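Student: One structure, as structure tokens, below. Some questions next.
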Amino acid sequence: MNYVPWQNVADWRCKACGYCCKLYSVVLNFSEYLRLTQTFGQEAAVSDLSRFYIKRHSDGTCAFLCSNSLKYFCGLQGKKPEACKIWPFKVTAEPKYGEEDLAAFEYSGRSLYVYVDKMCNGVRYGQPSWEFRNNTVREFVEISLGLRDVQYHATGRLGFEWLK
């Protein structure tokens with residue numbers, strides 16, 4: 001994974017391209033694992049010695065990646081794991097990926113470090129817009145801190161209007 005500090009990003013919008021669901025394995029916390037397997041059965045998840053993951057198809061895609069032939073969408077839309085909710089953002093307590101000054105984000109008197117995965121097609125580079133800074137980044141920070149569950153500016157805002 002190759003990250004850039006959030007202050008190098010002008011804006012971000014999900015393009016519903018499905019790359020995130022094709023490229024990465026989704027790590028689940030224990031409660032997400034339980035919820036997923038209770039709802040969809042044991043075959044919905046896999047584990048190794050230390051982690052739980054959403055099962056992937058033989059082609060490497062997430063088992064819950066759906067498509068209407070024009071766009072991709074998550075079959076877990078209302079019940080996405082946190083890792084899916086916050087991608088392509090990475091919020092850390094320390095500047096793990098460098099450029100501390102550009103990654104710093106103040107939230108409720110606390111310094112956090114926010115990075116964006118360069119693999120995402122929805123990233124537009126440049127000076128951060130007011131909307132991106134005050135709504136989008138803030139929402140991803142709140143989701144990663146467990147202060148918010150519902151997404152408005154993150155991928156959840158797409159809804160299913162393009163499926164019609």
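Each chain in the structure tokens gets a letter, A, B, ..., in the order shown, and its residues are numbered from 1; ligands are numbered from 1 in order too.
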Considering only C-alpha atoms, tabulate each residue of stretch 10-37 of chain A that lies at most 10 Å from stretch 68-83 of chain A along with its nearest interatomic pair and the corresponding distance in Å to one decimal; arrange the rows by chain and ascending residue number and present them as CSV.

Tutor:
```
residue,atom,partner,partner_atom,distance
A:Lys15,CA,A:Lys71,CA,8.2
A:Ala16,CA,A:Tyr72,CA,5.1
A:Cys17,CA,A:Tyr72,CA,5.8
A:Gly18,CA,A:Tyr72,CA,5.2
A:Tyr19,CA,A:Tyr72,CA,9.0
A:Cys21,CA,A:Cys74,CA,8.5
A:Ser25,CA,A:Ala83,CA,9.6
A:Val26,CA,A:Ala83,CA,6.5
A:Val27,CA,A:Ala83,CA,6.8
A:Leu28,CA,A:Pro81,CA,6.5
A:Asn29,CA,A:Pro81,CA,8.2
A:Ser31,CA,A:Pro81,CA,9.6
A:Glu32,CA,A:Pro81,CA,6.3
A:Tyr33,CA,A:Pro81,CA,8.9
A:Arg35,CA,A:Lys79,CA,9.0
A:Leu36,CA,A:Lys79,CA,8.7
```

Student: Can those selected residues be exported to a file as a PDB file, in the first residue's frame so that it contains N, CA and C atoms?

Tutor:
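The resulting file, out.pdb, is reproduced below:
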```
ATOM      1  N   LYS A  15     -15.785   5.990  -7.083  1.00  0.00           N
ATOM      2  CA  LYS A  15     -16.155   5.807  -8.490  1.00  0.00           C
ATOM      3  C   LYS A  15     -16.884   4.485  -8.720  1.00  0.00           C
ATOM      4  N   ALA A  16     -17.087   3.698  -7.665  1.00  0.00           N
ATOM      5  CA  ALA A  16     -17.742   2.392  -7.748  1.00  0.00           C
ATOM      6  C   ALA A  16     -17.050   1.487  -8.774  1.00  0.00           C
ATOM      7  N   CYS A  17     -15.708   1.563  -8.787  1.00  0.00           N
ATOM      8  CA  CYS A  17     -14.928   0.767  -9.733  1.00  0.00           C
ATOM      9  C   CYS A  17     -14.663  -0.651  -9.222  1.00  0.00           C
ATOM     10  N   GLY A  18     -14.754  -0.854  -7.910  1.00  0.00           N
ATOM     11  CA  GLY A  18     -14.543  -2.170  -7.330  1.00  0.00           C
ATOM     12  C   GLY A  18     -13.095  -2.554  -7.082  1.00  0.00           C
ATOM     13  N   TYR A  19     -12.131  -1.681  -7.423  1.00  0.00           N
ATOM     14  CA  TYR A  19     -10.721  -2.038  -7.232  1.00  0.00           C
ATOM     15  C   TYR A  19     -10.397  -2.385  -5.789  1.00  0.00           C
ATOM     16  N   CYS A  21     -12.167  -3.798  -3.618  1.00  0.00           N
ATOM     17  CA  CYS A  21     -12.688  -5.132  -3.313  1.00  0.00           C
ATOM     18  C   CYS A  21     -11.978  -6.222  -4.111  1.00  0.00           C
ATOM     19  N   SER A  25      -7.580  -7.836   0.870  1.00  0.00           N
ATOM     20  CA  SER A  25      -8.328  -8.721   1.765  1.00  0.00           C
ATOM     21  C   SER A  25      -8.849  -7.865   2.911  1.00  0.00           C
ATOM     22  N   VAL A  26     -10.084  -8.101   3.322  1.00  0.00           N
ATOM     23  CA  VAL A  26     -10.705  -7.309   4.379  1.00  0.00           C
ATOM     24  C   VAL A  26     -10.513  -7.998   5.720  1.00  0.00           C
ATOM     25  N   VAL A  27      -9.795  -7.314   6.613  1.00  0.00           N
ATOM     26  CA  VAL A  27      -9.576  -7.816   7.968  1.00  0.00           C
ATOM     27  C   VAL A  27     -10.803  -7.461   8.802  1.00  0.00           C
ATOM     28  N   LEU A  28     -11.299  -8.442   9.555  1.00  0.00           N
ATOM     29  CA  LEU A  28     -12.471  -8.250  10.415  1.00  0.00           C
ATOM     30  C   LEU A  28     -12.047  -8.277  11.872  1.00  0.00           C
ATOM     31  N   ASN A  29     -12.676  -7.427  12.697  1.00  0.00           N
ATOM     32  CA  ASN A  29     -12.478  -7.595  14.134  1.00  0.00           C
ATOM     33  C   ASN A  29     -13.401  -8.734  14.570  1.00  0.00           C
ATOM     34  N   SER A  31     -16.055  -8.972  16.561  1.00  0.00           N
ATOM     35  CA  SER A  31     -17.513  -8.752  16.506  1.00  0.00           C
ATOM     36  C   SER A  31     -18.005  -8.724  15.061  1.00  0.00           C
ATOM     37  N   GLU A  32     -17.201  -8.177  14.137  1.00  0.00           N
ATOM     38  CA  GLU A  32     -17.582  -8.193  12.713  1.00  0.00           C
ATOM     39  C   GLU A  32     -17.598  -9.625  12.183  1.00  0.00           C
ATOM     40  N   TYR A  33     -16.606 -10.411  12.598  1.00  0.00           N
ATOM     41  CA  TYR A  33     -16.542 -11.821  12.206  1.00  0.00           C
ATOM     42  C   TYR A  33     -17.794 -12.567  12.690  1.00  0.00           C
ATOM     43  N   ARG A  35     -20.773 -11.336  13.540  1.00  0.00           N
ATOM     44  CA  ARG A  35     -21.968 -10.832  12.841  1.00  0.00           C
ATOM     45  C   ARG A  35     -22.055 -11.397  11.425  1.00  0.00           C
ATOM     46  N   LEU A  36     -20.926 -11.416  10.730  1.00  0.00           N
ATOM     47  CA  LEU A  36     -20.896 -11.915   9.356  1.00  0.00           C
ATOM     48  C   LEU A  36     -21.218 -13.406   9.295  1.00  0.00           C
TER      49      LEU A  36
END
```

Student: Please provide as a ChimeraX atom specification all residues within 7 Å of A:Val141, with the sequence filter that same-chain residues fewer than 4 positions apart are discarded (counting only C-alpha atoms).

Tutor: /A:91,137,145

Student: Write the selection just made, keeping all heavy atoms, as a PDB file, in the first residue's frame?

Tutor:
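What landed in out17.pdb:
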```
ATOM      1  N   VAL A  91      -6.292   6.217   9.141  1.00  0.00           N
ATOM      2  CA  VAL A  91      -6.190   7.166  10.242  1.00  0.00           C
ATOM      3  C   VAL A  91      -5.346   6.510  11.333  1.00  0.00           C
ATOM      4  O   VAL A  91      -5.670   5.414  11.784  1.00  0.00           O
ATOM      5  CB  VAL A  91      -7.594   7.536  10.782  1.00  0.00           C
ATOM      6  CG1 VAL A  91      -7.477   8.513  11.938  1.00  0.00           C
ATOM      7  CG2 VAL A  91      -8.473   8.106   9.665  1.00  0.00           C
ATOM      8  N   VAL A 137     -12.930  14.201   5.225  1.00  0.00           N
ATOM      9  CA  VAL A 137     -11.857  13.722   6.109  1.00  0.00           C
ATOM     10  C   VAL A 137     -12.382  13.560   7.529  1.00  0.00           C
ATOM     11  O   VAL A 137     -12.118  12.553   8.191  1.00  0.00           O
ATOM     12  CB  VAL A 137     -10.626  14.663   6.065  1.00  0.00           C
ATOM     13  CG1 VAL A 137      -9.573  14.218   7.082  1.00  0.00           C
ATOM     14  CG2 VAL A 137     -10.030  14.698   4.666  1.00  0.00           C
ATOM     15  N   LEU A 145     -12.566   6.322  14.615  1.00  0.00           N
ATOM     16  CA  LEU A 145     -12.565   6.448  16.074  1.00  0.00           C
ATOM     17  C   LEU A 145     -13.777   5.789  16.724  1.00  0.00           C
ATOM     18  O   LEU A 145     -13.905   5.772  17.942  1.00  0.00           O
ATOM     19  CB  LEU A 145     -12.509   7.927  16.481  1.00  0.00           C
ATOM     20  CG  LEU A 145     -11.224   8.679  16.147  1.00  0.00           C
ATOM     21  CD1 LEU A 145     -11.366  10.155  16.486  1.00  0.00           C
ATOM     22  CD2 LEU A 145     -10.032   8.062  16.877  1.00  0.00           C
TER      23      LEU A 145
END
```

Student: Determine which residues of stretch 64-98 of chain A receive a DSSP assignment of strand (DSSP E or B), computed from the backbone, and state them as a list in words.

Tutor: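 Filtering stretch 64-98 of chain A to strand (DSSP E or B) leaves Leu65, Cys66, Ser67, Tyr72, Phe73, Cys74, Phe89, Lys90, Val91 and Thr92 of chain A.
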
Student: Save the residues we just selected, N, CA, C and O atoms, as a PDB file, in the first residue's frame?

Tutor:
```
ATOM      1  N   LEU A  65     -18.624  -8.593  -3.260  1.00  0.00           N
ATOM      2  CA  LEU A  65     -18.575  -7.622  -4.341  1.00  0.00           C
ATOM      3  C   LEU A  65     -19.651  -7.971  -5.357  1.00  0.00           C
ATOM      4  O   LEU A  65     -19.709  -9.087  -5.874  1.00  0.00           O
ATOM      5  N   CYS A  66     -20.517  -7.016  -5.633  1.00  0.00           N
ATOM      6  CA  CYS A  66     -21.608  -7.204  -6.588  1.00  0.00           C
ATOM      7  C   CYS A  66     -21.448  -6.219  -7.735  1.00  0.00           C
ATOM      8  O   CYS A  66     -20.762  -5.214  -7.608  1.00  0.00           O
ATOM      9  N   SER A  67     -22.114  -6.502  -8.850  1.00  0.00           N
ATOM     10  CA  SER A  67     -22.023  -5.613 -10.006  1.00  0.00           C
ATOM     11  C   SER A  67     -23.344  -5.615 -10.752  1.00  0.00           C
ATOM     12  O   SER A  67     -24.052  -6.615 -10.794  1.00  0.00           O
ATOM     13  N   TYR A  72     -19.758  -1.328  -9.583  1.00  0.00           N
ATOM     14  CA  TYR A  72     -19.635  -2.326  -8.527  1.00  0.00           C
ATOM     15  C   TYR A  72     -20.218  -1.762  -7.242  1.00  0.00           C
ATOM     16  O   TYR A  72     -20.234  -0.555  -7.037  1.00  0.00           O
ATOM     17  N   PHE A  73     -20.695  -2.637  -6.384  1.00  0.00           N
ATOM     18  CA  PHE A  73     -21.209  -2.210  -5.092  1.00  0.00           C
ATOM     19  C   PHE A  73     -21.038  -3.335  -4.083  1.00  0.00           C
ATOM     20  O   PHE A  73     -20.839  -4.488  -4.440  1.00  0.00           O
ATOM     21  N   CYS A  74     -21.130  -2.955  -2.824  1.00  0.00           N
ATOM     22  CA  CYS A  74     -20.929  -3.893  -1.731  1.00  0.00           C
ATOM     23  C   CYS A  74     -22.244  -4.553  -1.355  1.00  0.00           C
ATOM     24  O   CYS A  74     -23.236  -3.870  -1.098  1.00  0.00           O
ATOM     25  N   PHE A  89      -8.923   5.627   3.123  1.00  0.00           N
ATOM     26  CA  PHE A  89      -8.268   6.424   4.162  1.00  0.00           C
ATOM     27  C   PHE A  89      -7.650   5.533   5.236  1.00  0.00           C
ATOM     28  O   PHE A  89      -8.158   4.464   5.522  1.00  0.00           O
ATOM     29  N   LYS A  90      -6.581   6.021   5.806  1.00  0.00           N
ATOM     30  CA  LYS A  90      -5.903   5.356   6.908  1.00  0.00           C
ATOM     31  C   LYS A  90      -5.697   6.425   7.975  1.00  0.00           C
ATOM     32  O   LYS A  90      -5.050   7.433   7.726  1.00  0.00           O
ATOM     33  N   VAL A  91      -6.292   6.217   9.141  1.00  0.00           N
ATOM     34  CA  VAL A  91      -6.190   7.166  10.242  1.00  0.00           C
ATOM     35  C   VAL A  91      -5.346   6.510  11.333  1.00  0.00           C
ATOM     36  O   VAL A  91      -5.670   5.414  11.784  1.00  0.00           O
ATOM     37  N   THR A  92      -4.262   7.196  11.726  1.00  0.00           N
ATOM     38  CA  THR A  92      -3.349   6.641  12.715  1.00  0.00           C
ATOM     39  C   THR A  92      -3.074   7.654  13.830  1.00  0.00           C
ATOM     40  O   THR A  92      -3.266   8.851  13.650  1.00  0.00           O
TER      41      THR A  92
END
```

Student: Run DSSP on the backbone and give me the residues of stretch 65-155 of chain A it puts in helix (DSSP H, G or I), as a ChimeraX atom specification.

Tutor: /A:77-79,82-86,100-103,130-144,155

Student: Restricting the calculation to only C-alpha atoms: of A:Val150, A:Cys62, A:Ala103, A:Met119, which residue gets closest to A:Lys85?

Tutor: A:Val150

Student: Figure out the distance between atom CA of A:Asp101 and atom CA of A:Tyr115, please, to one decimal in Å.

Tutor: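 Result for atom CA of A:Tyr115 versus atom CA of A:Asp101: 11.6 Å, one decimal.
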
Student: Pick from A:Ala45, A:Arg110, A:Ala10, A:Pro5: nearest to A:Trp130, with only C-alpha atoms counted?

Tutor: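 Closest to A:Trp130 of all the choices is A:Ala10.
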
Student: Quick check, in Å to one decimal: how far apart do atom CA of A:Asn121 and atom CA of A:His57 lie?

Tutor: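 Those two atoms sit 22.5 Å apart.
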